[in-house]
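Scroll down for the structure; my scribbles are underneath it.
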Amino acid sequence: MKLRLISVGKPHEPYVKEGINDFTQRINKYFKADWLIIPTPKTAPSLSETELKKAEASLILNQIEKDDYLILLDERGKSFSSPQLAQFIQQRANESNKQLVFLIGGAFGVDPIVTNRAQLVWSLSPLVFPHMLARLILSEQLYRACTIIRNEKYHHI
């Protein structure tokens, strides 16, 4: 199974890039994982919030295959403990899902068409994080889940 991590916005800032790369490399020992950063459309300043979300939705959906299992990150989504996240990922692997896509939407969220495409809306926290920190937290939590699945010592309860 492959983990695809997609975020709309700017490339990783140096202050988090090293951590994101480190955790992504660690994840690759368990599942193939990669990042795709979708730049905000150049026309964003002239678009309304609704128009911007529609433009971003088109870019997002062009990157998602029909059989991908889409997990949208949103502070209003379902909460998981780290062991529950590990169990969720293991269940998707057991179901022979080829690719899990974790999506961090744009600054204003995502268009309803993307939300409707998602099989799960997941919350890292009820707090709102800057995209860069959300990427780092997502990377770390996915790595933590991998170590839980393999019963390794990274995660301490």
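Residue numbering restarts at 1 for every chain of the structure tokens, chains are lettered A, B, ... in their displayed order, and ligands are numbered from 1 as they appear.
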Per-residue nearest contacts of region 111-134 of chain A to region 68-74 of chain A (10 Å; only C-alpha atoms) as CSV:
```
residue,atom,partner,partner_atom,distance
A:Val114,CA,A:Leu72,CA,8.3
A:Thr115,CA,A:Leu72,CA,7.1
A:Asn116,CA,A:Leu72,CA,9.9
A:Arg117,CA,A:Leu70,CA,7.2
A:Ala118,CA,A:Leu70,CA,4.7
A:Gln119,CA,A:Leu70,CA,5.6
A:Leu120,CA,A:Ile71,CA,4.9
A:Val121,CA,A:Leu72,CA,4.7
A:Trp122,CA,A:Leu73,CA,4.9
A:Ser123,CA,A:Asp74,CA,5.1
A:Leu124,CA,A:Leu73,CA,7.1
A:Ser125,CA,A:Asp74,CA,8.5
A:Pro126,CA,A:Asp74,CA,8.6
A:Leu127,CA,A:Asp74,CA,9.8
A:Val128,CA,A:Asp74,CA,8.6
A:Ala134,CA,A:Leu73,CA,9.1
```
Next, the residues of the selection above should be written as an mmCIF file, in the first residue's frame with N, CA and C atoms.
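Dumped to selection.cif:
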```
data_model
loop_
_atom_site.group_PDB
_atom_site.id
_atom_site.type_symbol
_atom_site.label_atom_id
_atom_site.label_comp_id
_atom_site.auth_asym_id
_atom_site.auth_seq_id
_atom_site.Cartn_x
_atom_site.Cartn_y
_atom_site.Cartn_z
ATOM 1 N N VAL A 114 -14.928 17.917 -2.904
ATOM 2 C CA VAL A 114 -13.788 17.170 -2.360
ATOM 3 C C VAL A 114 -14.211 16.452 -1.082
ATOM 4 N N THR A 115 -14.938 17.156 -0.225
ATOM 5 C CA THR A 115 -15.424 16.534 1.012
ATOM 6 C C THR A 115 -16.273 15.318 0.692
ATOM 7 N N ASN A 116 -17.132 15.430 -0.305
ATOM 8 C CA ASN A 116 -18.000 14.314 -0.695
ATOM 9 C C ASN A 116 -17.213 13.154 -1.285
ATOM 10 N N ARG A 117 -16.068 13.432 -1.900
ATOM 11 C CA ARG A 117 -15.220 12.374 -2.470
ATOM 12 C C ARG A 117 -14.467 11.605 -1.378
ATOM 13 N N ALA A 118 -14.230 12.279 -0.251
ATOM 14 C CA ALA A 118 -13.449 11.669 0.828
ATOM 15 C C ALA A 118 -14.221 10.539 1.500
ATOM 16 N N GLN A 119 -13.517 9.443 1.772
ATOM 17 C CA GLN A 119 -14.106 8.345 2.541
ATOM 18 C C GLN A 119 -14.056 8.633 4.035
ATOM 19 N N LEU A 120 -13.151 9.518 4.435
ATOM 20 C CA LEU A 120 -13.010 9.866 5.850
ATOM 21 C C LEU A 120 -12.581 11.313 5.960
ATOM 22 N N VAL A 121 -13.189 12.026 6.917
ATOM 23 C CA VAL A 121 -12.726 13.354 7.297
ATOM 24 C C VAL A 121 -12.132 13.184 8.691
ATOM 25 N N TRP A 122 -10.828 13.469 8.795
ATOM 26 C CA TRP A 122 -10.066 13.185 10.005
ATOM 27 C C TRP A 122 -9.523 14.474 10.600
ATOM 28 N N SER A 123 -9.585 14.566 11.910
ATOM 29 C CA SER A 123 -9.059 15.717 12.628
ATOM 30 C C SER A 123 -7.792 15.333 13.378
ATOM 31 N N LEU A 124 -6.705 16.050 13.103
ATOM 32 C CA LEU A 124 -5.499 15.890 13.904
ATOM 33 C C LEU A 124 -5.748 16.413 15.312
ATOM 34 N N SER A 125 -6.594 17.434 15.407
ATOM 35 C CA SER A 125 -6.867 18.114 16.671
ATOM 36 C C SER A 125 -8.025 19.077 16.430
ATOM 37 N N PRO A 126 -8.757 19.446 17.476
ATOM 38 C CA PRO A 126 -9.761 20.503 17.285
ATOM 39 C C PRO A 126 -9.102 21.877 17.099
ATOM 40 N N LEU A 127 -7.794 21.968 17.374
ATOM 41 C CA LEU A 127 -7.062 23.206 17.121
ATOM 42 C C LEU A 127 -6.807 23.351 15.630
ATOM 43 N N VAL A 128 -6.641 24.569 15.177
ATOM 44 C CA VAL A 128 -6.273 24.829 13.791
ATOM 45 C C VAL A 128 -4.769 25.093 13.768
ATOM 46 N N ALA A 134 0.809 21.359 10.300
ATOM 47 C CA ALA A 134 -0.089 20.226 10.044
ATOM 48 C C ALA A 134 0.637 19.152 9.239
#
```
Could you list, as a list in words, every residue within 10 Å of Leu85 (chain A), counting only C-alpha atoms and ignoring same-chain residues fewer than 6 positions away? Ser79, Gln91, Trp122, Gln141, Leu142, Arg144, Ala145, Cys146, Ile148 and Ile149 of chain A
Selection from above, N, CA, C and O atoms, as a CSV table (one decimal), in the first residue's frame, can you write it?
```
chain,number,residue,atom,x,y,z
A,79,SER,N,-11.9,12.1,15.3
A,79,SER,CA,-10.6,12.1,16.1
A,79,SER,C,-10.2,10.6,16.2
A,79,SER,O,-11.0,9.7,16.3
A,91,GLN,N,-6.2,-1.7,8.8
A,91,GLN,CA,-7.5,-2.2,8.2
A,91,GLN,C,-7.5,-1.9,6.7
A,91,GLN,O,-7.9,-2.7,5.9
A,122,TRP,N,-10.8,13.5,8.8
A,122,TRP,CA,-10.1,13.2,10.0
A,122,TRP,C,-9.5,14.5,10.6
A,122,TRP,O,-9.0,15.3,9.9
A,141,GLN,N,2.7,11.5,12.9
A,141,GLN,CA,1.7,10.6,13.3
A,141,GLN,C,1.6,9.4,12.4
A,141,GLN,O,1.3,8.3,12.9
A,142,LEU,N,1.8,9.5,11.2
A,142,LEU,CA,1.8,8.4,10.3
A,142,LEU,C,3.0,7.5,10.6
A,142,LEU,O,2.8,6.2,10.6
A,144,ARG,N,4.4,7.2,13.5
A,144,ARG,CA,4.0,6.6,14.8
A,144,ARG,C,3.1,5.4,14.6
A,144,ARG,O,3.3,4.4,15.2
A,145,ALA,N,2.1,5.6,13.7
A,145,ALA,CA,1.2,4.6,13.4
A,145,ALA,C,1.9,3.3,12.9
A,145,ALA,O,1.6,2.2,13.2
A,146,CYS,N,2.8,3.6,12.0
A,146,CYS,CA,3.6,2.5,11.4
A,146,CYS,C,4.3,1.7,12.5
A,146,CYS,O,4.4,0.4,12.4
A,148,ILE,N,3.5,1.4,15.6
A,148,ILE,CA,2.5,0.7,16.4
A,148,ILE,C,2.1,-0.6,15.7
A,148,ILE,O,2.0,-1.6,16.3
A,149,ILE,N,1.8,-0.4,14.4
A,149,ILE,CA,1.5,-1.6,13.6
A,149,ILE,C,2.5,-2.7,13.7
A,149,ILE,O,2.2,-3.9,13.9
```
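Using only C-alpha atoms, the nearest neighbour of Glu65 (chain A) within the list A:Asn97, A:Thr40, A:Ser7, A:Ser46 is A:Asn97.
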Which is closest to His131 (chain A) among A:Phe80, A:Tyr143, A:Phe108, A:Tyr30, if we use only C-alpha atoms?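 Smallest separation from His131 (chain A) among the options: A:Phe108.
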DSSP strand (DSSP E) residues within chain A, listed as a PyMOL selection string: chain A and resi 2-8+32-38+69-79+99-104+120-123
Next, write the just-selected residues to a file, as a compact mmCIF listing (two decimals), in the first residue's frame, keeping N, CA, C and O atoms as the atom set.
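In the end it all went to again.txt:
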```txt
# COMPACT_ATOMS: atom_id res chain seq x y z
N LYS A 2 0.43 2.26 -0.66
CA LYS A 2 1.17 3.51 -0.75
C LYS A 2 0.42 4.60 0.03
O LYS A 2 -0.82 4.62 0.04
N LEU A 3 1.17 5.49 0.67
CA LEU A 3 0.60 6.65 1.33
C LEU A 3 0.99 7.88 0.53
O LEU A 3 2.17 8.14 0.32
N ARG A 4 -0.01 8.60 0.07
CA ARG A 4 0.24 9.84 -0.68
C ARG A 4 -0.24 10.98 0.19
O ARG A 4 -1.38 10.97 0.67
N LEU A 5 0.61 11.94 0.42
CA LEU A 5 0.29 13.08 1.26
C LEU A 5 0.23 14.31 0.37
O LEU A 5 1.23 14.65 -0.28
N ILE A 6 -0.93 14.93 0.32
CA ILE A 6 -1.15 16.08 -0.56
C ILE A 6 -1.51 17.29 0.30
O ILE A 6 -2.31 17.19 1.22
N SER A 7 -0.92 18.43 -0.05
CA SER A 7 -1.25 19.67 0.63
C SER A 7 -1.34 20.78 -0.41
O SER A 7 -0.53 20.83 -1.34
N VAL A 8 -2.33 21.64 -0.22
CA VAL A 8 -2.47 22.81 -1.08
C VAL A 8 -1.74 23.96 -0.41
O VAL A 8 -1.89 24.19 0.79
N LYS A 32 5.37 2.76 1.05
CA LYS A 32 5.88 3.80 0.16
C LYS A 32 5.08 5.07 0.44
O LYS A 32 3.85 5.03 0.50
N ALA A 33 5.76 6.18 0.62
CA ALA A 33 5.10 7.44 0.94
C ALA A 33 5.75 8.58 0.17
O ALA A 33 6.96 8.59 -0.02
N ASP A 34 4.92 9.52 -0.28
CA ASP A 34 5.46 10.71 -0.92
C ASP A 34 4.52 11.89 -0.71
O ASP A 34 3.36 11.72 -0.34
N TRP A 35 5.06 13.07 -0.93
CA TRP A 35 4.33 14.32 -0.79
C TRP A 35 4.09 14.94 -2.15
O TRP A 35 4.95 14.88 -3.03
N LEU A 36 2.94 15.56 -2.29
CA LEU A 36 2.64 16.41 -3.44
C LEU A 36 2.11 17.72 -2.87
O LEU A 36 1.13 17.73 -2.13
N ILE A 37 2.79 18.80 -3.21
CA ILE A 37 2.33 20.13 -2.81
C ILE A 37 1.70 20.75 -4.05
O ILE A 37 2.35 20.93 -5.08
N ILE A 38 0.42 21.06 -3.94
CA ILE A 38 -0.32 21.69 -5.04
C ILE A 38 -0.29 23.20 -4.79
O ILE A 38 -0.84 23.67 -3.78
N TYR A 69 -8.20 5.80 -1.63
CA TYR A 69 -8.96 6.01 -0.40
C TYR A 69 -8.55 7.38 0.11
O TYR A 69 -7.42 7.58 0.54
N LEU A 70 -9.46 8.34 0.04
CA LEU A 70 -9.15 9.73 0.38
C LEU A 70 -9.52 10.05 1.82
O LEU A 70 -10.66 9.86 2.24
N ILE A 71 -8.53 10.56 2.54
CA ILE A 71 -8.70 11.01 3.92
C ILE A 71 -8.45 12.51 3.92
O ILE A 71 -7.34 12.97 3.66
N LEU A 72 -9.49 13.27 4.19
CA LEU A 72 -9.40 14.72 4.23
C LEU A 72 -9.14 15.17 5.66
O LEU A 72 -9.87 14.76 6.57
N LEU A 73 -8.12 15.98 5.86
CA LEU A 73 -7.85 16.50 7.20
C LEU A 73 -8.65 17.78 7.42
O LEU A 73 -8.63 18.69 6.59
N ASP A 74 -9.38 17.82 8.53
CA ASP A 74 -10.22 18.96 8.87
C ASP A 74 -10.43 18.95 10.37
O ASP A 74 -10.70 17.87 10.94
N GLU A 75 -10.35 20.09 11.01
CA GLU A 75 -10.48 20.13 12.47
C GLU A 75 -11.84 19.68 12.97
O GLU A 75 -12.01 19.36 14.14
N ARG A 76 -12.83 19.61 12.08
CA ARG A 76 -14.16 19.14 12.47
C ARG A 76 -14.36 17.64 12.20
O ARG A 76 -15.44 17.12 12.39
N GLY A 77 -13.30 16.97 11.79
CA GLY A 77 -13.40 15.56 11.43
C GLY A 77 -13.36 14.63 12.63
O GLY A 77 -13.35 15.06 13.79
N LYS A 78 -13.31 13.36 12.33
CA LYS A 78 -13.25 12.30 13.34
C LYS A 78 -11.88 12.30 14.01
O LYS A 78 -10.86 12.46 13.36
N SER A 79 -11.88 12.12 15.32
CA SER A 79 -10.63 12.06 16.08
C SER A 79 -10.18 10.61 16.23
O SER A 79 -11.01 9.71 16.34
N GLN A 99 -3.79 2.68 -2.41
CA GLN A 99 -3.24 3.97 -2.03
C GLN A 99 -4.17 4.71 -1.09
O GLN A 99 -5.35 4.87 -1.37
N LEU A 100 -3.62 5.17 0.04
CA LEU A 100 -4.32 6.08 0.94
C LEU A 100 -3.80 7.47 0.62
O LEU A 100 -2.59 7.69 0.58
N VAL A 101 -4.71 8.40 0.41
CA VAL A 101 -4.35 9.78 0.14
C VAL A 101 -4.80 10.62 1.32
O VAL A 101 -5.98 10.64 1.66
N PHE A 102 -3.84 11.29 1.95
CA PHE A 102 -4.12 12.21 3.04
C PHE A 102 -4.05 13.61 2.47
O PHE A 102 -3.03 13.99 1.89
N LEU A 103 -5.12 14.38 2.63
CA LEU A 103 -5.22 15.69 1.99
C LEU A 103 -5.37 16.80 3.02
O LEU A 103 -6.28 16.76 3.85
N ILE A 104 -4.48 17.78 2.93
CA ILE A 104 -4.60 19.03 3.67
C ILE A 104 -5.03 20.06 2.63
O ILE A 104 -4.28 20.37 1.70
N LEU A 120 -13.15 9.52 4.43
CA LEU A 120 -13.01 9.87 5.85
C LEU A 120 -12.58 11.31 5.96
O LEU A 120 -11.71 11.76 5.20
N VAL A 121 -13.19 12.03 6.92
CA VAL A 121 -12.73 13.35 7.30
C VAL A 121 -12.13 13.18 8.69
O VAL A 121 -12.81 12.77 9.62
N TRP A 122 -10.83 13.47 8.80
CA TRP A 122 -10.07 13.19 10.01
C TRP A 122 -9.52 14.47 10.60
O TRP A 122 -9.04 15.35 9.89
N SER A 123 -9.58 14.57 11.91
CA SER A 123 -9.06 15.72 12.63
C SER A 123 -7.79 15.33 13.38
O SER A 123 -7.81 14.41 14.19
```
Pull the helix (DSSP H, G or I) assignments for region 13-47 of chain A out of DSSP run on the backbone, and list those residues as an MDAnalysis selection string. chainID A and resid 14:27 44:46
Residues as selected, N, CA, C and O atoms, written as a short mmCIF file (atom, residue, chain, number, x, y, z; two decimals), in the first residue's frame, can you do that?
```
data_model
loop_
_atom_site.label_atom_id
_atom_site.label_comp_id
_atom_site.auth_asym_id
_atom_site.auth_seq_id
_atom_site.Cartn_x
_atom_site.Cartn_y
_atom_site.Cartn_z
N PRO A 14 11.76 25.89 5.30
CA PRO A 14 12.95 25.22 5.85
C PRO A 14 12.78 24.79 7.31
O PRO A 14 13.31 23.75 7.70
N TYR A 15 12.02 25.56 8.10
CA TYR A 15 11.90 25.23 9.52
C TYR A 15 11.15 23.92 9.77
O TYR A 15 11.25 23.37 10.85
N VAL A 16 10.40 23.42 8.79
CA VAL A 16 9.73 22.13 8.96
C VAL A 16 10.15 21.10 7.91
O VAL A 16 9.90 19.92 8.10
N LYS A 17 10.79 21.55 6.86
CA LYS A 17 11.15 20.64 5.76
C LYS A 17 11.98 19.46 6.23
O LYS A 17 11.72 18.32 5.85
N GLU A 18 12.97 19.74 7.07
CA GLU A 18 13.85 18.66 7.55
C GLU A 18 13.06 17.60 8.31
O GLU A 18 13.25 16.41 8.12
N GLY A 19 12.16 18.04 9.18
CA GLY A 19 11.34 17.10 9.95
C GLY A 19 10.39 16.31 9.07
O GLY A 19 10.25 15.09 9.23
N ILE A 20 9.74 16.98 8.13
CA ILE A 20 8.82 16.29 7.21
C ILE A 20 9.58 15.26 6.40
O ILE A 20 9.13 14.11 6.26
N ASN A 21 10.73 15.64 5.88
CA ASN A 21 11.53 14.69 5.09
C ASN A 21 11.99 13.51 5.93
O ASN A 21 11.96 12.36 5.49
N ASP A 22 12.41 13.79 7.18
CA ASP A 22 12.86 12.72 8.06
C ASP A 22 11.74 11.72 8.32
O ASP A 22 11.93 10.50 8.16
N PHE A 23 10.57 12.20 8.71
CA PHE A 23 9.47 11.27 9.01
C PHE A 23 8.98 10.57 7.75
O PHE A 23 8.63 9.39 7.80
N THR A 24 8.99 11.25 6.61
CA THR A 24 8.56 10.61 5.36
C THR A 24 9.53 9.48 4.99
O THR A 24 9.10 8.39 4.59
N GLN A 25 10.82 9.69 5.17
CA GLN A 25 11.80 8.62 4.92
C GLN A 25 11.59 7.46 5.88
O GLN A 25 11.69 6.29 5.48
N ARG A 26 11.27 7.76 7.13
CA ARG A 26 11.00 6.69 8.09
C ARG A 26 9.76 5.90 7.70
O ARG A 26 9.75 4.67 7.80
N ILE A 27 8.71 6.58 7.25
CA ILE A 27 7.49 5.90 6.82
C ILE A 27 7.79 4.95 5.67
O ILE A 27 7.22 3.86 5.59
N ALA A 44 -5.57 33.31 -7.45
CA ALA A 44 -6.21 33.31 -6.12
C ALA A 44 -6.59 34.70 -5.61
O ALA A 44 -7.69 34.88 -5.09
N PRO A 45 -5.71 35.71 -5.73
CA PRO A 45 -6.07 37.02 -5.18
C PRO A 45 -7.33 37.63 -5.80
O PRO A 45 -8.03 38.41 -5.16
N SER A 46 -7.63 37.26 -7.05
CA SER A 46 -8.81 37.83 -7.71
C SER A 46 -10.07 36.98 -7.55
O SER A 46 -11.14 37.35 -8.02
#
```
One number please: CA of Glu56 (chain A) to CA of Asp111 (chain A), in Å, one decimal.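 Going from CA of Glu56 (chain A) over to CA of Asp111 (chain A), I get 7.9 Å.
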Using only C-alpha atoms, the residue out of A:Gly109, A:Met132, A:Ser82, A:Asn28 with shortest distance to Pro11 (chain A) is A:Met132
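With only C-alpha atoms as the atoms that count, the residue of A:Ala93, A:Ala86, A:Leu61, A:Leu133 with the shortest distance to Pro112 (chain A) is A:Leu61.
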What gap, in Å, lies between CA of Ile60 (chain A) and CA of Glu140 (chain A)?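 Separating CA of Ile60 (chain A) from CA of Glu140 (chain A) is a distance of 23.0 Å.
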